[in-house]
Structure formats: C-alpha cells, structure tokens
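Below you'll find the structure, written out as structure tokens, and then a few comments.
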Amino acid sequence: MATIEMEVCQFQVDETDFCDSILSRFSNSIQEEHQHLCTVLGAMSQELKEQNLPKTPVTYFCTTCSSIDRLSSDPDSPTHIIDSLLTILSMVLPRISPVILKKKRDYLSELMVRVLRSKSPPAASGLKCISHLLMIRESDNWSDVSQLYGLLLSFIADQHSKVRRQSHVCIHDTLHNFQGSSALAPASEGIINTFERYLLLAGGSNAAASKSPEGAQEVLYILDALKECLPLMSMKSTTTVLKYLKPLLELHQPLVSRRIMDSLNVLCLHPTSEVSPEVLLELLCSLALSVSGNVRTVDDITFTTRLLDVGMRKVHSLDRKMCIVKLPAIFNALGDVLACEHEEALHAATEALKSLIHACIDLNLIKQGVNRITTNADMETRRSGPTIIEKLCATIESLLDYRFSTVWDMSFQVISTMFNKLGENSSYLLMGTLKGLADLQKLPDEDLIYRKQLHECIGSALVAMGPEIFLSIVPLKLEVEDLSEANVWILPILKQYTVGAHLSFFRESILNMVRLMKQKSRMLYLEGQIVSSRSYDALVYSLWSLLPSFCNYPLDTAESFKDMEKTLCSALREEANLCGIICSSLQILIQQNRGILEQKIDLNGSDNSISRQRAMARYTPQIAGDNLTVLKSSAREFLSVLSGKFLKSAQDGGCLQSTIHELASIADKEIVTRFFRNTMQKLLKVTQDAGNAEASRNSSTMELDNSSKGSLAVVRAQLFDLAVSLLPGLDAKEIDLLFVAIKPALRDDEGLIQKKAYKVLSIILRNLFWLPVPYTFWWIPLNCDAFLSARFEELLKLLIEVLPSCHFSAKHHRLECLYSLIVHASKCESEKRCDIISSFLTEIILALKESHFRMANKKTRNRAYDMLVQIGHACGDEEKGGKRENLHQFFNMVAAGLAGETPHMISAAVKGLARLAYEFSDLVSTTYNLLPSTFLLLKRKNREIAKANLGLLKVLVAKSQTEGLQIHLRSMVEGLLNWQDITKNQFKAKVKLLLEMLVKKCGMDAVKAVMPEEHMKLLTNIRKIKERKERNLAAKSEETRSQQSKATTSRLSRWNHTKIFSSFGDEDSEDSDAESTDGKTLSGQQSKATLHFNSKASSSRMHKAAKSLPEDLFDQLEDEPLDLLDQRKTRSALRSTGGHHLKRKPGLEDEPEIDSEGRLIIREGGGGGKPRGEVSSSNPESEDVRSQAGSSHKSINSSIEKNRKRRKTSDSGWAYTGGEYASKKAAGDVKRKDKLEPYAYWPLDRKMMSRRPEQRAAARKGMASVVRLTKKLEGKSVSSALSSKGLRFKRVQKKSSKKKSK
C-alpha cells in the first residue's frame, strides 16, 4: 500500500463525487493494491446507490467506519479489504468538517487503536488517520492525546519500512501541530524515552560477534526519525538528544555518524529550532577534530565540512561569545580539509571558510585585535597571548604554505574574502599575509600556475588597505639600480583596483616617482644607453596611467585637486602622450560628481564592485557639490589648454573634444561664452581666407597646389568641432549664432566641411542641453524642441535646398538631422505630418541602397535602416504619443515607392518594407497584401529587384506564424516556382532556402500538397538533405549537440540586411557594373600583371574594410564577443583578421637589428639584417619577388625551385639548416672560428603531421636514417665521422654512374 500512501499525500479531490475522483485516479493502475482499492470503493458506491444515499464524503466516511468496525471484530476477515478501507478513510478524513470529527473522535480513536493493535502488519493508512485525529484535538491537555500519540510512537522503530516511514512523517506533522502548545514537551519526552530505551538495550546486550547487538537496528530507525523531528522538539528534549549523540559519534561507525550529521544539519538549517548552544558547539568541535582523519571517506569529509559551516553560524546566532571562542579551532579544521586532494571537499572547505568569515567576524572582534596590536606596538615583548582575530588571521596566512600549493587558487579566494572583511584594519592583521603574497610573485611560472588568481588576491588587499598603506608594505622600489629588482608588477594591479584613494598621495608620492624616473631617463640618454632610457620612459608613462584610477571617487578632490592643476596643465602642454590619460581622468571626476549630485548613479547597482560601493557610500550631494566647485574654478585654465591643444594636433581629437564638452557643462557661462566667441571669430577669419583662396584660384589660369585649401578645410573642421564641444555651456543666443555659421557650410564644395556642418546641426537637433543655474550646481533643461519649434520651417527649407549638393560622406549626419525633424513633425497635425515625412522619405529610402564600397556609405545605409524603425516607433508607440493607424499610414507611404520608375527606387522600397515587417509584427499581415506585386516584380528581368523581393519573402516566412503562413502558402510556392526568367538561375540557392524555411515552418506535407508536380524533385532533394542532417546530428555526442544549439540559437533573431538580401556568397553589389567599367578603363593603361596586382590589393583592402563593420559579421554586434563555439563564425573571423600574415617569414635573422638610438630597423622585402643590395640565395621569397619583377636569369629560377623543395619546413616557421658550417670548396661541413663543432641535424618535416599515410611514412623514413647513422657514428670523432660519411657518399656516386653507363 506504499504507493497509495505516497500518492494520497499530495492528492486533493476537487470533484463532487468522491468515488469518481478516486476511480479516475487509480482505475488504470496495474498494482494489486490499487485494484483492491477500486474494487472496494466501487462496491461501496454501488451499495450507496442501491440504498438511494447521497454520495458525499460524510456518507463514505460513515460507511467506511461501519465496515471497518464490522470487519475488525471478525478474525477471518480479508486483510486487503481492511487495508483498502483504511486507505479510503485516510483520504476522506480531510474532507470532513472538524466539527463532525470532534463529535466522533472517541469512536474513531477506539476503532483505530483496536484495528492497528490487532492487525499485523499494521496498515500505514491507519497511522495517517491517527495523525489527523491528533491535529483536530479539542484541547492541549496531554491526557486527551497521550493514547493516540503513544500508539503512533510505538511504530517509530517498526520492522516494516512502509509503516516506519509513515510513522516518522506522522510524528513530524503532529509535532509541527503541537508547536506553541503545552503538549509539545510531553510529546518530545516520549521520543526521548523511546530513544533511551533502545540505547540501553543496545548497550547492555551481549550478542555474538557475528550478530549485531539487540536494539542497534532500532537505534538507527530512531535516528532516521530524529532527522524529521529534532528541529520541532522542545529545547530541553533537543539538548538531551544532542548529549546522547556525542558518544554515538565517538563510535566512528559510518551508518551512525551519517545519520547523526543529517539530523544536526536539519537542526542547524531550521530557522526556528531551539537548541542549547553549548551542547551543539561541543558536538561541532568533536566533529572538527575528526574531520581530517584518513579513515573517513570523501563524502563524510565534505558533509562534515558543510555541517561545520551551518552549525557555527547557528551557534553564532544563538550565542556570539561562545561561538568566537571556538572559531579558531574550526578554522584550523577547515584548513586541514583544504589541504586534502579531494575536489568536492576542497570546494566545501573554501565555501565554509568564506561563509564563516562573513557571518562570524564582526567589527567588535576586529577592533579587539587592532587595539591589542596598537597597544603592544611599543613594547618589546607581548604580555598577553594573541587575540581570537589574530589566531584566525594566522590560520588564513598559513594557507600560503607550500602544502597548499596545489590549491593556492582556493586559498587566494579565502584570503581575498578576509581582506574584504577586515577592510582598512587588514594592514594591522594581515600585513604578513600581504608580504607572503608578494613573495609568491617571485616564483617562476613552473611553480606558480595561479598567477592571475594571485594578482586578484593582491588586488583585494589593495582595495582593503588603500594604495598608501599598500605601497608602504610592498613598495615599488623604483629607486634601485637594476629594474629587474623593482616591483613593477604592482603597477597593473594599482591601475585596475585603485578606487577611493587620495589625490594628495598621487601628487606627493607618484609624481615624485615620475620626476625621479625622468631624471634617470635623461641621465641614461646622455650616457648613450638608449634602451635603458626608454625603459624608464615607459615607467613614467605607467605611473601617469595610474591617474584615472586615483580619480575614481577620490576622497580629497576638494582639498587636493587645485594643487594638481598646474602640474596637469603643464603635462598637457609638454607631453603629448599623456593627453589621453589626463583627459579621461578629468572626465571621470566631472561625470561621477555630477552623477551623484543629480542622483543619476545607483549606489547599490549590481555592476558596482564592493570597493566601488564602499567609495561611493562616502559621497554625498554636499561633497559632490564641493568637488564640482573646485573643478569649476579650474575649468578656465583647462579649457584654454585643451582648446589650444585641440587646434594644434589632430591626435586624441575625440578625447580632447569629450573633455572640453564635460568642462563646458560645469564652467561659468561667461567663460564658455568667451571661448565660443573667440572660436567663432577664428572660424569667420578662416572661412574668409578660404573664400579668398578659392577666388584667386578661380581667377588664375595656372594650376595651383591644393595643400593650402586642404589645410584651411582642416582648420575649419576643427573649429566646428571645438564650437560644438562648448555647446553644453551655451544659451539660445549662442546656439543661433552657431546655426548661422553652419548654414553656408552646408553648401560648401569641400566634403569635410559639409560633414562637420551636418554633424554640428545633428547634435544641436538631437541633444537635450542643461544650462547651469547661477551660484548653484543645478542645471535646468534646454530642450532642443524650443530650437526646432522656432526654426522648423527654416530648417525644412534649408535641408531641401542643400540636398543636391550633399556630399556622400555627410549623408550619415544628414539623416540624423532628418530624423530629428521627422520626430518633431510626428507631433503635428495629420496632414502636415504626412507632407513632411513624404518630402524626406524618398531620400531615406534611397539611402538604403548606398554603395557597398565606401565606409561612410555603409554607415549611411545602417543609419537609414535604423531611421525607418525609429520613425515607425515614433508613429506607432502609444507611449510616445503615436497610434497604430499612424504606423500603417507610414508603411503605406513606404510601399508607394513600389511605383517608382527606376529599379533602384523599387528595390530600395522593398528593402524598407522588409525592415518594417521584421520590426513590427502588426505589419506582417499588411505585407501579405503586397504579395501579388512582389511576384509581378519577380518576373521583371532585373537582378536588383529580384534580390530585394526575395529578401522580403524571407522576412515574411521568418516572422509569420504558422497559421498565417499556411493561408498564403500556395500563392508563395507557386509564385516562386512559376518564376520563369533568365534571372531565376542566378537565385536558385535563395529560392531553395525559402522552400526549406517553408518546410520547417509548415511541414513537409503542407508544402508537398501545394508543390507543382514538375518541381517535386526539388522537394525530394530538400527532404533528403534534411534527413541527412538529422542523422548526422543524431550520430554526434550530446556535448557536441548542446554546443551547436548554444552557438546557433542565440543570435538568429537580429536584423542583418546583408544576410537577408545577400546569401550564399552572393555579395556582389548593385555597383558591379560601374566597377567592371573602371576595370576596363584601367586595362587599357596598365599591363595585365600590374592590373591583377592592383585589383587584388584593392579588393582585399575593400574586403577588410567591409569586414570591420558589424553588418558583415553576420550575428555579431560591436559590443558583443565572438561566439567561439560556432566553428563557422570563428573561421570567418580568423580569415577576416588576416591571420595568414602572422607566419614568420623564412630567412629572418635570430637577433633584430637596432640602430644607435635603440630603434628597430626593418628591411624591406623581408631581408632581415642584410642590406638591400645584397643577394641571398637562401631567401626564396626575395627571389620570388625579383622573378615577378621581370628577372629572366635561369640560374636564379632554378635555385628558387631547389630551395623551395629543400626547405618546405620553413613555410610554417623558422628552421635551422646549419648553413654556416657548409664548405664552399668541398662537400660536408667544416669548423668555423668561434663556433661550436658541426653536428648532425634533421629539420622538422611538416609531412609528419599530414593526414596522408604515405607522406607520414616518408617523413619517418628520413628520420629513421638519421637515427641509424647516429648509432653507426657513436663514439667516433667528428673528423672520422665526416670522412666515413664522405667515403660512403663517393661510393654511392660511383655505383650510380656505372648503372647509368650500362
């Protein structure tokens, strides 16, 4: 009956008819118990029907009780019928009202006692009935429940497992119901008495050695029950049980110990359990002493380790003082476990140590140790022993011992946790640990395989102590003469982990080191030691690179930044390589303080590390305001320096521009306005100079140099960038002035000027500016809508007028401007909105077809696709004030392009429709209305239109639901297959792909039903390919299948127009005709060889440029890493990076050639260290180049072939050939002065790695001859070996000559 009981526990009857619900559940079971249950219940139901009684739970309850009462008095009654009736009773009792049960409680109690005592074996369902009766007791008087509870307790050690297990469950439920009542104590005492009785029986028996003691098995049964009941017992009873468990643990019997630990684990994990902390701690200590015993199994060690973790945390919650006294012993035991070789136990010990550090070490414990250390600092000897926290830190430090070398990675995790817990106090308590970590850094890589984890651990120490204290314990030692003795390895750790430091320390300490390193570098340079001088220059840069880290939430910005202003400005003027570092530091300071002030930074964000959260917690709006006050006072000087730097150098322009932008956002308005007006005056002057130069050029009949024109254009572009960088600090008047300045630039003939003008306009229209409130650090928003509303009509007219003269490089930014205008127009009336969108929509659609071979136009095309989607959201999203009707109206406006006159316009409109259908699911059904037009366009003999329409069909199939796709399935299949045209042969692969997608979506049978008979072979081919793929996938391992599913299911839903409109290597663009025309023009002017070389180089350059854009990396975005599980994408990425250029060229010298100033000399043509004019016959590549250049010397060509055959191994790397030992006058090797003696060699042959067995055999044969020759020459001198080899060679020559003469 076990199956019934287990299923009934979770079975709840919802039907009105109790009988029907039970029969529906068990009628189909083949188990005998279930069949008996259904039989008895069916007979009972039939009897109730014959007597016209209602089939309610009460009726079944009464009928069942009367049947059990009658059958229990008959000793010959069938056992299985009583079992079935007890099961029915246990299932019907929860459905009976407690009022009824309380009235019949005495009767039911007497009935259950009689049945369970007379029946052997007892039915487990009867125990459930008793448990239910105990829960519906009328009072908490123990005398009312003692009889039933005693009966339930009598089965706790029953020999029948089903009954015993049910007894344990029922006792657990009863104790849970007794919580908070007076019956809990005597109920718990009953379990104690039973446990004591069997313990005495087991301890007093004198059984034979071959037989287990009497009562021992019952003790195990009770221990099983304690796992369920111990957390629910009274505190007094729990303490008594724990006292009995300690001697049982000392027996070291695995069966007993594991049950005890299970009970303790449940007890410690139960949140409301009551237990004496002294007794529990004593048990845990005994476990800790035995945890490292060699006789224990891995599972026992692991479970004991986890028990120590939860147990000590339980004791700490009950009594903190008692817990921390024993904490060092627990830490030592866990450290011993960490030294074992079992992986699971290692992880358990690591997690236990980290958990106890977090839970049990508090601030009071830390302060106690720090106070003791500081008090005894001036004493020669300590008058007291170490504190508890010192003992714990000593245990943590011991994890760096060599016996933990194989698990140092886990030791570093525990040490990092302790550093994070102690914080600044770790400088007192873990100073030796930090020095030990620094000593480990000196170990070679063979002895320290966890160097990365070591640096992370040292980084946690740096975060806890701060860079000042950290460097006082582990100094950089840059003052040493030999830099190999300096701790330069600390610099990357400082750069990565420094946060919340003091700027004063950087100014006083780090900058002093910088000055010292500069002096040494200058001195070494004067002495002629160029390489050493540059090493110190690199150290100077590394020290300066710490500045952004020190500017990451520093603690003394308001006090120390002003002192650094002069130094930073001087470095910006004099050292160009430090410009990026200083600019990024200034941006960090401004952005972080402004974010705190505006409450835009989440202090408790998940992305923030512990150190960052700790530093951010010290920042308040008041502190951020004070910091910005100091930064604001220095803004004028920095703006002056950065503006001059920006206009003089094009390097780091983006960083300079961003920094000027940030400074302008916090500087005084008068200062920013003054800089802006000076910039505009310079722009006006340069523009006038450019106009005068253009006028003089037009009036002159001679050709003039265009360098002056280009330089003026670059200066104008820089001035535009500088002006727009000051935009956050300008008001409406200055913005209007800037707009007036860019209006003529939009018509300029120079593409660079147009691009900058459109960029400035797009920034003005796109950004939301914040103007500073005087005498405060709050900003008020200046919305670009105000500028748009005031000049909307003027902007519309202007952008329409300058369209014919728009340069291709400026189209990307022009689209940005159009987007701002269209979004603003979407808030207007319906008619005006449609007019404005339609006036620019054609330009946006045509931008979808920009040339594939210009980087700027790739960005334009990507931006055009994004604009269509953004305009669609602006029209349709209700959150933005749009309506769904506006979205459909916009879709129809795009579809109007299908009526265009040129294929270029038609294909662009189709691509736009595909993009909208891909983004908006509501438009998929609307797109189906265009299917007739799509199939008509396919019949036009135009490859451009066909490609676009096939892409639209691909989008429809991919985004449609199966039900909607089946409605249009016949028309789509017939339209694709009835397309009889010469252009169809060029798109067979795409048509087949569409059919495969339809088969995957709708099923093979649905597609077969609509497939024309003459094309059935194509469907058969698709089916066979699909089955082959399924067989190959089934043959692969489970791991391979899971890797393929991970690699192919994560990025298939993203839009990629290159993949949709150009598949199966069909990457040629619509401009292929123009490209071929250019090729024909060039072919008449250059030779075939030159044309081939140039076209190949240009195509490779264009291919690399194309690969650099995200649209050509099919499923990979710019901010997303490459999926290395996908082999196809990995190979494609490796090909795109030009990995074949990484091979080392043959013929390179061992040592690089360096000039007197320490610069590396690279010879052209791969000639290594030899001069250009020197000819080397051992360099086949240089000879190949000379032969391609037109050399006709046959001797050189023959030597090329010989060298290529001799040195195939050098194609895959450098191979030593022993050429310096070759004699020019005779065969064999000779000795050379200052060289080692010649020796036998055999270059590694790549054929050894070949898959062809014949090539591997040939390679092994050659190697075998070397081995045989070595054995023959063993013990001989070099001269005799060479002579014997020469004689053998001569004999072979003579034999071969005789054979030839014959």
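Simple scheme: letters A, B, ... for chains in structure tokens order, numbers from 1 for residues in each chain, numbers from 1 for ligands in the order shown.
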Please provide as a short mmCIF file (atom, residue, chain, number, x, y, z; two decimals) with all heavy atoms, in the first residue's frame all residues within 6 Å of range 725-735 of chain A, with the sequence filter that same-chain residues fewer than 4 positions apart are discarded (counting only C-alpha atoms).
data_model
loop_
_atom_site.label_atom_id
_atom_site.label_comp_id
_atom_site.auth_asym_id
_atom_site.auth_seq_id
_atom_site.Cartn_x
_atom_site.Cartn_y
_atom_site.Cartn_z
N GLN A 657 37.95 66.54 -27.38
CA GLN A 657 36.63 67.11 -27.60
C GLN A 657 35.66 66.71 -26.48
O GLN A 657 34.87 67.52 -26.00
CB GLN A 657 36.11 66.65 -28.97
CG GLN A 657 34.90 67.41 -29.46
CD GLN A 657 34.54 67.02 -30.88
OE1 GLN A 657 35.27 66.27 -31.53
NE2 GLN A 657 33.42 67.52 -31.36
N ILE A 660 36.54 68.74 -23.33
CA ILE A 660 36.06 70.12 -23.45
C ILE A 660 34.54 70.17 -23.24
O ILE A 660 34.02 71.09 -22.59
CB ILE A 660 36.45 70.69 -24.82
CG1 ILE A 660 37.98 70.82 -24.92
CG2 ILE A 660 35.81 72.05 -25.06
CD1 ILE A 660 38.48 71.18 -26.30
N HIS A 661 33.84 69.18 -23.76
CA HIS A 661 32.39 69.11 -23.58
C HIS A 661 32.03 69.00 -22.10
O HIS A 661 31.11 69.69 -21.62
CB HIS A 661 31.86 67.91 -24.37
CG HIS A 661 30.39 67.73 -24.28
ND1 HIS A 661 29.78 67.04 -23.24
CD2 HIS A 661 29.39 68.13 -25.08
CE1 HIS A 661 28.48 67.03 -23.42
NE2 HIS A 661 28.21 67.69 -24.54
N ALA A 664 32.83 72.31 -20.30
CA ALA A 664 31.86 73.35 -20.64
C ALA A 664 30.55 73.18 -19.89
O ALA A 664 29.83 74.15 -19.66
CB ALA A 664 31.61 73.35 -22.15
N SER A 665 30.25 71.94 -19.49
CA SER A 665 28.99 71.71 -18.78
C SER A 665 29.01 72.20 -17.34
O SER A 665 27.96 72.37 -16.73
CB SER A 665 28.65 70.21 -18.81
OG SER A 665 29.59 69.47 -18.06
N LYS A 669 29.16 80.42 -17.27
CA LYS A 669 28.61 80.73 -18.58
C LYS A 669 29.43 81.80 -19.29
O LYS A 669 29.64 81.75 -20.51
CB LYS A 669 27.15 81.17 -18.44
CG LYS A 669 26.46 81.48 -19.76
CD LYS A 669 25.03 81.90 -19.51
CE LYS A 669 24.35 82.21 -20.83
NZ LYS A 669 25.04 83.29 -21.57
N VAL A 672 32.58 80.14 -20.87
CA VAL A 672 32.26 79.34 -22.05
C VAL A 672 31.87 80.24 -23.22
O VAL A 672 32.28 80.01 -24.37
CB VAL A 672 31.13 78.33 -21.72
CG1 VAL A 672 30.79 77.50 -22.95
CG2 VAL A 672 31.54 77.42 -20.58
N PHE A 769 20.09 69.91 -23.80
CA PHE A 769 21.15 70.65 -23.11
C PHE A 769 20.71 71.04 -21.71
O PHE A 769 19.54 71.24 -21.44
CB PHE A 769 21.50 71.91 -23.92
CG PHE A 769 21.83 71.62 -25.35
CD1 PHE A 769 21.02 72.05 -26.35
CD2 PHE A 769 22.94 70.86 -25.68
CE1 PHE A 769 21.30 71.76 -27.67
CE2 PHE A 769 23.23 70.57 -26.98
CZ PHE A 769 22.40 71.03 -27.98
#
Legend entry - Contacts of Asp144 in chain A at 12 Å (only C-alpha atoms; same-chain gap of 3+ positions) as a VMD selection string: chain A and resid 105 to 106 109 133 to 141 147 to 150 183
May I have the selected residues written with C-alpha atoms, as a JSON list (two decimals), in the first residue's frame?
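Writing done, so here's result.json:
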[["chain", "number", "residue", "atom", "x", "y", "z"],
["A", 105, "ARG", "CA", -13.33, 11.44, 17.87],
["A", 106, "ASP", "CA", -13.69, 8.98, 20.74],
["A", 109, "SER", "CA", -9.84, 6.69, 18.35],
["A", 133, "LEU", "CA", -7.21, 12.91, 14.85],
["A", 134, "LEU", "CA", -4.34, 14.32, 16.90],
["A", 135, "MET", "CA", -4.45, 17.56, 14.88],
["A", 136, "ILE", "CA", -8.18, 18.15, 15.47],
["A", 137, "ARG", "CA", -7.93, 17.76, 19.24],
["A", 138, "GLU", "CA", -10.32, 19.84, 21.34],
["A", 139, "SER", "CA", -7.70, 20.95, 23.90],
["A", 140, "ASP", "CA", -3.95, 20.87, 24.58],
["A", 141, "ASN", "CA", -4.44, 18.56, 27.56],
["A", 147, "GLN", "CA", -3.10, 7.31, 23.97],
["A", 148, "LEU", "CA", -3.13, 8.11, 20.25],
["A", 149, "TYR", "CA", 0.33, 9.65, 20.32],
["A", 150, "GLY", "CA", 1.71, 6.64, 22.19],
["A", 183, "ALA", "CA", 1.57, 19.14, 24.53]]
Inset, instruction - Write out as an MDAnalysis selection string which residues come within 12 Å of Ser570 in chain A when counting only C-alpha atoms, dropping same-chain ones fewer than 2 positions away. - result: chainID A and resid 564:568 572:576 578:579 582 637:638 641:642 645
Inset, instruction - If you run DSSP over the backbone, which residues in range 5-106 of chain A end up alpha helix (DSSP H)? Put them as a VMD selection string. - result: chain A and resid 5 to 9 18 to 26 32 to 50 57 to 72 79 to 92 98 to 103 105 to 106
Legend entry - Spatial neighbours of Val999 in chain A, 10 Å, only C-alpha atoms, chain gap at least 6 places, as a ChimeraX atom specification: /A:993,1005-1008,1019,1022-1023,1026
Legend entry - Spatial neighbours of range 503-516 of chain A, max dist 9 Å, only C-alpha atoms, sep filter under 6 positions, as a list of chain:residue names: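 So, after excluding close chain neighbours, the residues are A:Pro467, A:Glu468, A:Leu478, A:Glu479, A:Leu539, A:Val540, A:Tyr541, A:Leu543, A:Trp544, A:Leu546, A:Leu547, A:Phe550, A:Cys551, A:Pro554, A:Leu555, A:Asp556, A:Thr557, A:Glu559, A:Ser560, A:Phe561, A:Asp563, A:Met564, A:Thr567.
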Keeping N, CA and C atoms for every residue in the selection just given, could you write it to a file as a PDB file, in the first residue's frame?
ATOM      1  N   PRO A 467      45.895  52.428  -1.549  1.00  0.00           N
ATOM      2  CA  PRO A 467      47.235  52.403  -2.158  1.00  0.00           C
ATOM      3  C   PRO A 467      48.323  52.958  -1.248  1.00  0.00           C
ATOM      4  N   GLU A 468      48.004  53.890  -0.352  1.00  0.00           N
ATOM      5  CA  GLU A 468      49.032  54.464   0.505  1.00  0.00           C
ATOM      6  C   GLU A 468      49.630  53.413   1.429  1.00  0.00           C
ATOM      7  N   LEU A 478      61.394  51.573  -7.118  1.00  0.00           N
ATOM      8  CA  LEU A 478      61.862  52.083  -8.402  1.00  0.00           C
ATOM      9  C   LEU A 478      63.211  52.786  -8.302  1.00  0.00           C
ATOM     10  N   GLU A 479      63.669  53.027  -7.091  1.00  0.00           N
ATOM     11  CA  GLU A 479      64.946  53.714  -6.932  1.00  0.00           C
ATOM     12  C   GLU A 479      66.145  52.788  -7.087  1.00  0.00           C
ATOM     13  N   LEU A 539      58.271  53.517 -17.724  1.00  0.00           N
ATOM     14  CA  LEU A 539      57.834  53.578 -16.331  1.00  0.00           C
ATOM     15  C   LEU A 539      57.129  54.894 -16.033  1.00  0.00           C
ATOM     16  N   VAL A 540      57.619  55.978 -16.609  1.00  0.00           N
ATOM     17  CA  VAL A 540      56.970  57.272 -16.420  1.00  0.00           C
ATOM     18  C   VAL A 540      55.538  57.226 -16.930  1.00  0.00           C
ATOM     19  N   TYR A 541      55.362  56.642 -18.108  1.00  0.00           N
ATOM     20  CA  TYR A 541      54.006  56.550 -18.667  1.00  0.00           C
ATOM     21  C   TYR A 541      53.129  55.642 -17.804  1.00  0.00           C
ATOM     22  N   LEU A 543      53.364  55.129 -14.600  1.00  0.00           N
ATOM     23  CA  LEU A 543      52.988  55.851 -13.376  1.00  0.00           C
ATOM     24  C   LEU A 543      51.904  56.884 -13.661  1.00  0.00           C
ATOM     25  N   TRP A 544      52.018  57.589 -14.761  1.00  0.00           N
ATOM     26  CA  TRP A 544      50.970  58.541 -15.122  1.00  0.00           C
ATOM     27  C   TRP A 544      49.639  57.842 -15.399  1.00  0.00           C
ATOM     28  N   LEU A 546      48.242  55.724 -13.807  1.00  0.00           N
ATOM     29  CA  LEU A 546      47.505  55.481 -12.567  1.00  0.00           C
ATOM     30  C   LEU A 546      46.546  56.619 -12.244  1.00  0.00           C
ATOM     31  N   LEU A 547      46.687  57.751 -12.924  1.00  0.00           N
ATOM     32  CA  LEU A 547      45.871  58.915 -12.592  1.00  0.00           C
ATOM     33  C   LEU A 547      44.372  58.656 -12.737  1.00  0.00           C
ATOM     34  N   PHE A 550      43.196  56.903  -9.650  1.00  0.00           N
ATOM     35  CA  PHE A 550      43.159  57.767  -8.471  1.00  0.00           C
ATOM     36  C   PHE A 550      42.032  58.787  -8.554  1.00  0.00           C
ATOM     37  N   CYS A 551      41.538  59.068  -9.759  1.00  0.00           N
ATOM     38  CA  CYS A 551      40.399  59.965  -9.932  1.00  0.00           C
ATOM     39  C   CYS A 551      39.061  59.235  -9.856  1.00  0.00           C
ATOM     40  N   PRO A 554      37.788  59.790  -5.669  1.00  0.00           N
ATOM     41  CA  PRO A 554      38.810  60.122  -4.666  1.00  0.00           C
ATOM     42  C   PRO A 554      38.178  60.758  -3.433  1.00  0.00           C
ATOM     43  N   LEU A 555      38.927  60.705  -2.334  1.00  0.00           N
ATOM     44  CA  LEU A 555      38.386  61.176  -1.056  1.00  0.00           C
ATOM     45  C   LEU A 555      38.703  62.631  -0.770  1.00  0.00           C
ATOM     46  N   ASP A 556      39.591  63.246  -1.552  1.00  0.00           N
ATOM     47  CA  ASP A 556      40.022  64.606  -1.233  1.00  0.00           C
ATOM     48  C   ASP A 556      40.063  65.482  -2.472  1.00  0.00           C
ATOM     49  N   THR A 557      39.059  65.365  -3.324  1.00  0.00           N
ATOM     50  CA  THR A 557      39.051  66.171  -4.543  1.00  0.00           C
ATOM     51  C   THR A 557      39.009  67.659  -4.208  1.00  0.00           C
ATOM     52  N   GLU A 559      40.046  69.221  -1.648  1.00  0.00           N
ATOM     53  CA  GLU A 559      41.228  69.727  -0.963  1.00  0.00           C
ATOM     54  C   GLU A 559      42.485  69.669  -1.824  1.00  0.00           C
ATOM     55  N   SER A 560      42.583  68.682  -2.725  1.00  0.00           N
ATOM     56  CA  SER A 560      43.865  68.421  -3.387  1.00  0.00           C
ATOM     57  C   SER A 560      43.870  68.688  -4.880  1.00  0.00           C
ATOM     58  N   PHE A 561      42.717  68.827  -5.515  1.00  0.00           N
ATOM     59  CA  PHE A 561      42.742  68.945  -6.975  1.00  0.00           C
ATOM     60  C   PHE A 561      43.363  70.272  -7.417  1.00  0.00           C
ATOM     61  N   ASP A 563      45.779  71.853  -6.199  1.00  0.00           N
ATOM     62  CA  ASP A 563      47.233  71.762  -6.160  1.00  0.00           C
ATOM     63  C   ASP A 563      47.796  71.026  -7.366  1.00  0.00           C
ATOM     64  N   MET A 564      46.980  70.210  -8.004  1.00  0.00           N
ATOM     65  CA  MET A 564      47.437  69.454  -9.164  1.00  0.00           C
ATOM     66  C   MET A 564      47.166  70.179 -10.482  1.00  0.00           C
ATOM     67  N   THR A 567      50.336  71.232 -12.483  1.00  0.00           N
ATOM     68  CA  THR A 567      51.072  70.068 -12.989  1.00  0.00           C
ATOM     69  C   THR A 567      50.360  69.436 -14.177  1.00  0.00           C
TER      70      THR A 567
END
Legend entry - Coordinates-based distance that separates CA of Leu434 in chain A from CA of Leu289 in chain A (Å, one decimal):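 For CA of Leu289 in chain A relative to CA of Leu434 in chain A, the distance reads 29.4 Å.
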Inset, instruction - Measuring atom to atom with only C-alpha atoms, identify which of A:Cys1002, A:Ile906, A:Met1011, A:Ile373 is nearest to Arg970 in chain A. - result: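 With only C-alpha atoms as the atom set, the closest residue is A:Met1011.
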Legend entry - Close residues, Lys55 in chain A itself excluded, 8 Å, only C-alpha atoms, min 2 positions apart in chain, as an MDAnalysis selection string: chainID A and resid 17:19 45 48:49 53 57 59:60
Legend entry - Interatomic distance (Å, one decimal) between CA of Leu795 in chain A and CA of Ala847 in chain A: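 Computing it gives 20.2 Å between the two atoms.
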Inset, instruction - Quote the spacing between CA of Lys941 in chain A and CA of Leu923 in chain A in Å to one decimal place. - result: 28.3 Å
Write out as a compact mmCIF listing (two decimals) with C-alpha atoms, in the first residue's frame which residues come within 8 Å of range 419-423 of chain A when counting only C-alpha atoms, dropping same-chain ones fewer than 3 positions away.
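Writing the result to part-v8.txt gives the following:
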# COMPACT_ATOMS: atom_id res chain seq x y z
CA ILE A 357 34.31 34.97 7.65
CA HIS A 358 31.23 36.84 6.51
CA ILE A 361 33.70 38.04 12.17
CA ILE A 366 38.30 43.17 14.67
CA ILE A 415 42.39 35.35 1.70
CA SER A 416 40.56 37.82 -0.55
CA SER A 426 43.86 44.40 7.35
CA LEU A 430 47.20 40.71 7.51
CA SER A 460 41.65 42.74 -2.94
CA ALA A 461 44.37 43.65 -0.44
CA VAL A 463 41.20 47.67 -2.20
CA ALA A 464 41.02 46.94 1.52
CA MET A 465 44.11 48.89 2.61
Legend entry - Top pick for closest residue to Ser609 in chain A, considering A:Lys990, A:Thr498, A:Ser384, A:Gln253 and counting only C-alpha atoms: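 Closest residue, counting only C-alpha atoms: A:Thr498.
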